[in-house]
Structures are given as structure tokens and as C-alpha cells.
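Student: The structure is given below, and queries will be raised subsequently.
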Amino acid sequence: MKKDLMNKINSSFLDFSKKVNGKYPKKFNEIRKNAFKNFNSLGFPTRADEEWKYADTSFIHKNDFAIFLDEEIDYQAVSDISDFLINGNNTNIVVLINGRFSEKFSKINIEAEKIKIGSLTEALNYKAATIDKHLARYASFEKDPFVALNTAFVTDGCYIRAAEGVIIENPIHILYINTAIENAPIVQPRNLIIVGECSQLKIYETYHTVGTKPVFQNAVTEIFLKRFANFEHYKVQHNNSNTYYIDTTQVRQKRASIYTSNTFSLKGSFQRNTHNAYHDDELCQSNFYGMYYLEGTDFADNHTLIEHAKANCTSNELYKGIIDDKANAVFNGKIYVYKDAQQTSAYQSNKNILLSNDAVINTKPQLEIFADDVKCSHGATCGNLDKEQLFYLLSRGISEEKAKSLLLNAFASEIVEKVSIAELRDYVKKLVCKRFETEGIYFCEGM
């Protein structure tokens with residue numbers, strides 16, 4: 001009989017606390033204890049919780065998940081990462097194995113005085129004062145049990161800090177590799193990214209699993225953008241069917257900074273992305289884009305929140321979904337405009353195509369506006385492929401499969417083409433093309 005997960009987590013925290021005692025700054029250990037107290041108070045969410053009403057989190061208890069200490073993790077299972085790389089010789093690679101920074105496989109091609117890229121553990125020990133200003137300051141663990149759980153067990157992840165006026169032309173690839181050969185691990189990477197004033201940075205994340213046991217990845221990323229910083233952030237979630245993701249990203253923006261994210265949820269039993277941005281000064285801009293293409297019984301849930309706390313800020317949000325078979329998707333996007341955030345411009349849209357009668361989408365775009373001089377709009381659509389457009393293509397002698405391919409291509413390309421990194425854009429195109437081929441639909445060239 002499986003031991004109750006909450007009991008296992010409590011036991012793991014006692015062992016973990018003894019092991020890390022004295023290894024981390026005392027102040028952060030207090031944060032860790034408070035976070036774990038909150039986690040025990042909140043517990044794992046169920047459908048009774050409003051923010052989780054459409055998400056079936058029973059997988060947490062159905063699988064024999066556990067939190068493993070370093071000595072219990074099989075790092076030797078990863079001997080080669082070449083199959084996980086995306087073309088681009090100049091890419092800087094950060095490899096996290098089970099959430100721990102791998103110096104062996106990581107490759108950094110940037111001068112150290114321009115940007116620091118490495119282990120969060122190392123930064124906690126040697127940059128304690130800097131870390132203290134940001135870590136656990138933006139992603140709140142008071143109401144979110146998964147942020148609380150991650151914060152309680154913080155050991156490692158990726159730490160990136162760009163100095164002032166740094167322009168990094170080559171992107172940084174954060175590569176998550178989880179090993180699940182003998183155990184079903186709960187993997188909890190913690191990332192902290194600080195982009196200096198007038199700096200420009202591009203990062204993309206991909207996820208991979210070695211082994212057939214189930215993996216539960218509970219990741220938290222905190223991002224701080226200083227004045228006039230420009231940061232592009234991409235996530236490509238395409239992993240085995242034995243993977244379960246809960247990912248929280250919290251962004252804090254200062255004056256005239258620009259944050260652009262693009263999330264692709266393409267494969268995985270359970271994918272939950274909580275993506276929030278807070279405008280802490282005027283003239284900030286946030287661009288949230290996303291695409292989910294689900295089949296089988298896959299599930300993807302995108303929860304977004306953009307907080308316009310200051311005046312003269314802009315946000316653009318567009319998520320598109322293609323849902324097939326018995327797959328299930330959720331979009332819950334909120335734009336919150338504070339009383340003093342006059343002259344806000346905020347746009348939000350969610351569009352979906354259902355390819356089967358059993359496919360499900362629950363969409364809820366929201367606006368909460370407390371200022372009176374704003375331009376805001378939101379909307380959502382869902383339906384099947386347009387019959388008139390399909391008939392038009394068929395009447396021109398195009399086969400039905402090719403016609404469907406053309407229409408889905410046009411629908412998806414609006415999001416895919418927003419990727420500014422050429423090799424990543426091609427990679428995403430190949431993943432989507434491969435999906436269509438399995439359905440007997442042949443994707444046209446030129447997407």
C-alpha cells in the first residue's frame with residue numbers, strides 16, 4: 001500500500017532540513033520553514049478550489065511520487081544530451097538534471113563580466129545579499145501550495161544575472177532532463193533571472209525525461225526586469241506521456257521594460273502554466289503568447305495574470321488551441337487594472353479549434369478595471385474548422401486532408417511566427433508537422 005503523499009513529504013522535509021542546516025543563509029531557511037508551514041495549511045488543490053475547478057489533480061495521489069535527496073537521484077542515467085539539443089552551435093546551454101545544475105553538460109559562451117549564468121545553489125552561498133532581494137519576493141507562497149512546496153525544498157536551479165547594458169545575441173537554452181528509471185520523482189527546479197538596465201536577453205526552455213516511471217515537475221521561475229530591459233522567454237513543453245507539469249512564472253517589471261513570452265504546450269499528461277506579470281513602473285509592456293495542440297487524453301491549463309499597477313503601460317495576450325480526441329484544455333486569463341493605472345492599453349484573446357466531438361475547452365478571459373481612462377478588450381472563440389473555407393479549398397481540387405492542413409497551418413502560424421529565434425521556430429514547426437502526419441494530415445511547407 002502506498003504511503004500517503006503528504007506524510008512522505010513531511011518526512012522528506014525533516015530529513016532535508018537536517019541535511020541543509022548551516023549550508024544556506026539563515027534568513028532563507030526561515031523563508032523555507034514558513035513556506036512549508038503554508039503548504040501544510042493549504043494542501044493539494046482539488047476541483048473544489050475555484051482556480052482548479054477544471055483541473056483533475058488526482059494524478060498527484062494516484063502515482064507513487066516522492067521527493068528524493070541528492071544521494072537518491074540517478075544522475076548517471078544521463079550520459080549524453082545530444083538528442084535533446086536544438087540546432088545552433090552558438091547557443092548557451094544550461095542543463096538541469098532533476099532540477100540540479102549540471103556543470104558537466106552545461107556550456108556557457110558568454111564573458112563572465114557581462115552575465116552570470118550558473119547554479120542557484122552557488123549563488124545562494126556566494127551572492128546571498130543579491131539573492132535575498134529577489135528570491136521568493138515575487139512568486140508568493142501564501143496562497144499557492146505548489147509555490148509553497150517548491151520554496152520549502154529549494155536546492156538548485158538556474159541563476160542568470162545580466163549586468164547593465166548587456167545585449168546577448170545568442171539565446172540561452174535551459175534544458176530540463178528528468179530521470180525516472182527506478183523512482184517516480186517530484187522534481188522542483190527554482191530559477192531566478194535578473195535582467196539589468198538597458199539589457200537584452202533571450203531564453204528558451206525544453207523538457208525531456210529518461211525512463212518510463214511518472215515524473216511530476218513543479219517548477220518556479222522569478223524574473224526581475226530593470227529599467228528599459230528587454231527579455232524574450234519561450235517554453236516548449238513536449239515530453240513523454242508519463243510527465244506531469246506545474247509551472248509558475250512571476251515577472252516584476254520596472255520602467256519601460258518589455259517582457260515577451262511564448263508557451264507551447266504540445267505533449268504531456270498534465271500541463272499547468274501559471275504566468276503572471278506585474279507592472280511596477282510606467283511604460284512597461286507585457287506580451288503573452290501561447291499555443292496548445294492536444295490529443296488523446298492530454299490536458300493543458302494556462303492561467304495568466306497581468307497586473308497594470310502603474311499608468312501608461314501596455315499588454316498584449318493571444319493564446320490559440322487545437323484540441324483533438326478526448327483532450328481537455330483550460331484558458332483562464334485575467335487583466336487587472338489598478339485605480340492609478342490610467343491610459344492603460346490591454347488586449348486579450350483566446351481562440352480554439354475543436355477537431356472532435358469529445359474535445360473540451362474551458363475558457364475564461366477576464367478584465368477587472370478600476371481606472372477610467374483605459375483601452376481594454378478581451379474575447380474568446382471556439383468551434384470547428386470553417387466549413388466555407390474548407391469547401392472553397394475542396395472546390396479548387398485540393399484534397400480534404402491537404403485542405404485541413406492548410407487551415408490549421410494558417411491558424412497556428414500566427415503564434416509560431418512570433419518566435420524570433422530561428423532554430424527554435426524551426427524546431428516548433430517540426431513538432432507540429434510531426435503531429436499532423438500522425439493524423440494523416442500533411443502540413444504544407446512554408447509554415
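Chain labels run A, B, ... following the order of the C-alpha cells; each chain numbers its residues from 1, and ligands are numbered from 1 in the order shown.
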Please identify all polymer residues within 6 Å of range 328-339 of chain A, counting only C-alpha atoms, omitting same-chain residues fewer than 3 positions from it, and present them as a ChimeraX atom specification.
Tutor: /A:299-309,360-371
Student: Which residues come within 12 Å of Ile167 in chain A, counting only C-alpha atoms, excluding same-chain residues fewer than 2 positions away, as a list of chain:residue names?
Tutor: A:Ile110, A:Glu111, A:Lys114, A:Ile115, A:Ala162, A:Ala163, A:Glu164, A:Gly165, A:Glu169, A:Asn170, A:Pro171, A:Val195, A:Gly196, A:Glu197, A:Cys198, A:Ser199, A:Gln200, A:Leu201, A:Lys202, A:Ala229, A:Asn230, A:Phe231
Student: Can you list every residue of range 132-172 of chain A that has an atom at most 12 Å from range 44-68 of chain A, with its nearest atom pair and the distance in Å to one decimal, using only C-alpha atoms, ordered by chain then number, as JSON lines?
Tutor:
```
{"residue": "A:Lys143", "atom": "CA", "partner": "A:Pro45", "partner_atom": "CA", "distance": 10.7}
{"residue": "A:Asp144", "atom": "CA", "partner": "A:Pro45", "partner_atom": "CA", "distance": 9.0}
{"residue": "A:Pro145", "atom": "CA", "partner": "A:Phe44", "partner_atom": "CA", "distance": 6.4}
{"residue": "A:Phe146", "atom": "CA", "partner": "A:Phe44", "partner_atom": "CA", "distance": 7.8}
{"residue": "A:Val147", "atom": "CA", "partner": "A:Phe44", "partner_atom": "CA", "distance": 11.2}
{"residue": "A:Ala148", "atom": "CA", "partner": "A:Phe44", "partner_atom": "CA", "distance": 10.7}
{"residue": "A:Leu149", "atom": "CA", "partner": "A:Phe44", "partner_atom": "CA", "distance": 9.8}
{"residue": "A:Asn150", "atom": "CA", "partner": "A:Ile67", "partner_atom": "CA", "distance": 10.9}
{"residue": "A:Ala152", "atom": "CA", "partner": "A:Ile67", "partner_atom": "CA", "distance": 11.7}
{"residue": "A:Phe153", "atom": "CA", "partner": "A:Ile67", "partner_atom": "CA", "distance": 9.0}
{"residue": "A:Val154", "atom": "CA", "partner": "A:Ile67", "partner_atom": "CA", "distance": 11.7}
{"residue": "A:Thr155", "atom": "CA", "partner": "A:Phe68", "partner_atom": "CA", "distance": 11.6}
```
Student: Give me a file of those residues, with C-alpha atoms, as a compact mmCIF listing (two decimals), in the first residue's frame.
Tutor:
```
# COMPACT_ATOMS: atom_id res chain seq x y z
CA LYS A 143 -1.97 31.13 -1.42
CA ASP A 144 -0.34 28.78 -3.92
CA PRO A 145 0.52 25.35 -2.48
CA PHE A 146 2.83 24.43 -5.35
CA VAL A 147 4.89 27.61 -5.00
CA ALA A 148 4.99 26.91 -1.26
CA LEU A 149 6.17 23.34 -1.83
CA ASN A 150 8.85 24.46 -4.28
CA ALA A 152 10.26 24.81 1.01
CA PHE A 153 12.53 22.42 -0.89
CA VAL A 154 14.63 24.91 -2.88
CA THR A 155 18.02 23.36 -3.55
```
Student: Mind checking DSSP for range 147-312 of chain A and telling me the strand (DSSP E) residues as JSON, numbers by chain?
Tutor: {"A": [158, 159, 160, 161, 162, 172, 173, 174, 175, 176, 177, 178, 179, 184, 185, 186, 187, 190, 191, 192, 193, 194, 195, 200, 201, 202, 203, 204, 205, 206, 207, 208, 209, 210, 215, 216, 217, 218, 219, 220, 221, 222, 223, 224, 225, 230, 231, 232, 233, 234, 235, 236, 237, 238, 243, 244, 245, 246, 247, 248, 249, 250, 251, 252, 253, 258, 259, 260, 261, 262, 263, 264, 265, 266, 267, 270, 271, 272, 273, 274, 275, 276, 277, 278, 279, 285, 286, 287, 288, 289, 290, 291, 292, 293, 294, 299, 300, 301, 302, 303, 304, 305, 306, 307, 308]}
Student: To one decimal place, how far is CA of Glu388 in chain A from CA of Phe264 in chain A in Å?
Tutor: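 Between CA of Glu388 in chain A and CA of Phe264 in chain A the gap is 28.6 Å.
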Student: DSSP on the backbone: what in range 118-328 of chain A comes out alpha helix (DSSP H), as a PyMOL selection string?
Tutor: chain A and resi 120-126+128-132+145-152
Student: Measure the distance from CA of Gln76 in chain A to CA of Tyr207 in chain A in Å and round it to one decimal.
Tutor: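 It comes out at 18.1 Å.
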Student: Identify, on the basis of only C-alpha atoms, every residue whose closest approach to Asp80 in chain A does not exceed 12 Å; exclude the query and any residue fewer than 4 positions from it along the same chain; express the result as a list in words.
Tutor: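 In the requested format, the answer is Tyr75, Gln76, Phe84, Leu85, Val95, Ile97, Lys104, Phe105, Ser106, Ile177 and Val210 of chain A.
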Student: Which residue gives the smallest distance to Ala123 in chain A among A:Ser82, A:Asn183, A:Asn191, A:Thr221, with only C-alpha atoms counted?
Tutor: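 Among the listed residues, A:Asn191 lies closest to Ala123 in chain A.
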Student: Need the shell around Thr249 in chain A: protein/DNA/RNA residues with any atom at most 7 Å away, counting only C-alpha atoms. Skip same-chain ones fewer than 5 positions apart. Format as a list of chain:residue names?
Tutor: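 Near Thr249 in chain A, the qualifying residues are A:Val220, A:Thr221, A:Glu222, A:Thr274, A:His275, A:Asn276.
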Student: Would you mind reading off the distance between CA of Asp372 in chain A and CA of Gln343 in chain A, one decimal, in Å?
Tutor: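 About the pair CA of Asp372 in chain A and CA of Gln343 in chain A: they are 8.4 Å apart.
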Student: Smallest atom-to-atom distance to Glu282 in chain A: which of A:Leu96, A:Ile415, A:Ala359, A:Ala256, using only C-alpha atoms?
Tutor: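 For Glu282 in chain A, the nearest of the candidates is A:Ala256.
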Student: A:Tyr289, A:Tyr204, A:Phe13, A:Tyr278: which is nearest Leu424 in chain A, counting only C-alpha atoms?
Tutor: A:Tyr204
Student: Which residue, A:Lys26, A:Gln250, A:Phe216, A:Asn239, has the smallest gap to Asn125 in chain A when you use only C-alpha atoms?
Tutor: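 Between A:Lys26, A:Gln250, A:Phe216, A:Asn239, the residue approaching Asn125 in chain A most closely is A:Lys26.
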Student: For Ser356 in chain A, list every protein, DNA or RNA residue within 8 Å, evaluated using only C-alpha atoms, and leave out those in the same chain fewer than 2 positions away; present the list as a short mmCIF file (atom, residue, chain, number, x, y, z; two decimals) with C-alpha atoms, in the first residue's frame.
Tutor:
```cif
data_model
loop_
_atom_site.label_atom_id
_atom_site.label_comp_id
_atom_site.auth_asym_id
_atom_site.auth_seq_id
_atom_site.Cartn_x
_atom_site.Cartn_y
_atom_site.Cartn_z
CA ILE A 323 -7.79 20.17 -29.36
CA ASP A 324 -8.42 16.64 -30.66
CA ASP A 325 -9.69 13.26 -29.40
CA LYS A 326 -10.64 13.44 -25.70
CA LEU A 354 -12.04 21.54 -31.69
CA ASP A 358 -15.13 14.77 -27.32
CA ALA A 359 -12.58 17.59 -27.21
#
```
Student: Skip range 313-321 of chain A itself and residues of its chain fewer than 4 positions away, then list as a VMD selection string all residues within 7 Å of it, counting only C-alpha atoms.
Tutor: chain A and resid 282 to 293 308 344 to 353
Student: Give me a file of those residues, with C-alpha atoms, as an mmCIF file, in the first residue's frame.
Tutor:
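Result file part-v4.cif:
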```
data_model
loop_
_atom_site.group_PDB
_atom_site.id
_atom_site.type_symbol
_atom_site.label_atom_id
_atom_site.label_comp_id
_atom_site.auth_asym_id
_atom_site.auth_seq_id
_atom_site.Cartn_x
_atom_site.Cartn_y
_atom_site.Cartn_z
ATOM 1 C CA GLU A 282 5.227 53.319 -16.070
ATOM 2 C CA LEU A 283 5.657 52.456 -19.774
ATOM 3 C CA CYS A 284 6.006 48.710 -19.195
ATOM 4 C CA GLN A 285 4.936 46.256 -21.881
ATOM 5 C CA SER A 286 3.994 42.580 -21.497
ATOM 6 C CA ASN A 287 3.324 40.261 -24.431
ATOM 7 C CA PHE A 288 1.881 36.838 -23.589
ATOM 8 C CA TYR A 289 1.501 34.359 -26.462
ATOM 9 C CA GLY A 290 0.772 30.667 -26.385
ATOM 10 C CA MET A 291 -0.306 27.656 -28.385
ATOM 11 C CA TYR A 292 -1.538 24.273 -27.206
ATOM 12 C CA TYR A 293 -2.120 21.331 -29.528
ATOM 13 C CA HIS A 308 -1.310 47.043 -14.540
ATOM 14 C CA THR A 344 -3.589 51.539 -19.867
ATOM 15 C CA SER A 345 -3.861 49.588 -23.117
ATOM 16 C CA ALA A 346 -4.621 45.896 -22.647
ATOM 17 C CA TYR A 347 -5.774 43.320 -25.171
ATOM 18 C CA GLN A 348 -6.578 39.664 -24.559
ATOM 19 C CA SER A 349 -7.837 36.914 -26.859
ATOM 20 C CA ASN A 350 -8.227 33.137 -26.748
ATOM 21 C CA LYS A 351 -9.120 31.187 -29.912
ATOM 22 C CA ASN A 352 -9.733 27.442 -30.163
ATOM 23 C CA ILE A 353 -10.447 24.797 -32.794
#
```
Student: Between A:Asn10, A:Ile93, A:Ser79, A:Gln253, which has the minimum distance to Lys37 in chain A (counting only C-alpha atoms)?
Tutor: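 Using only C-alpha atoms, the shortest distance to Lys37 in chain A belongs to A:Asn10.
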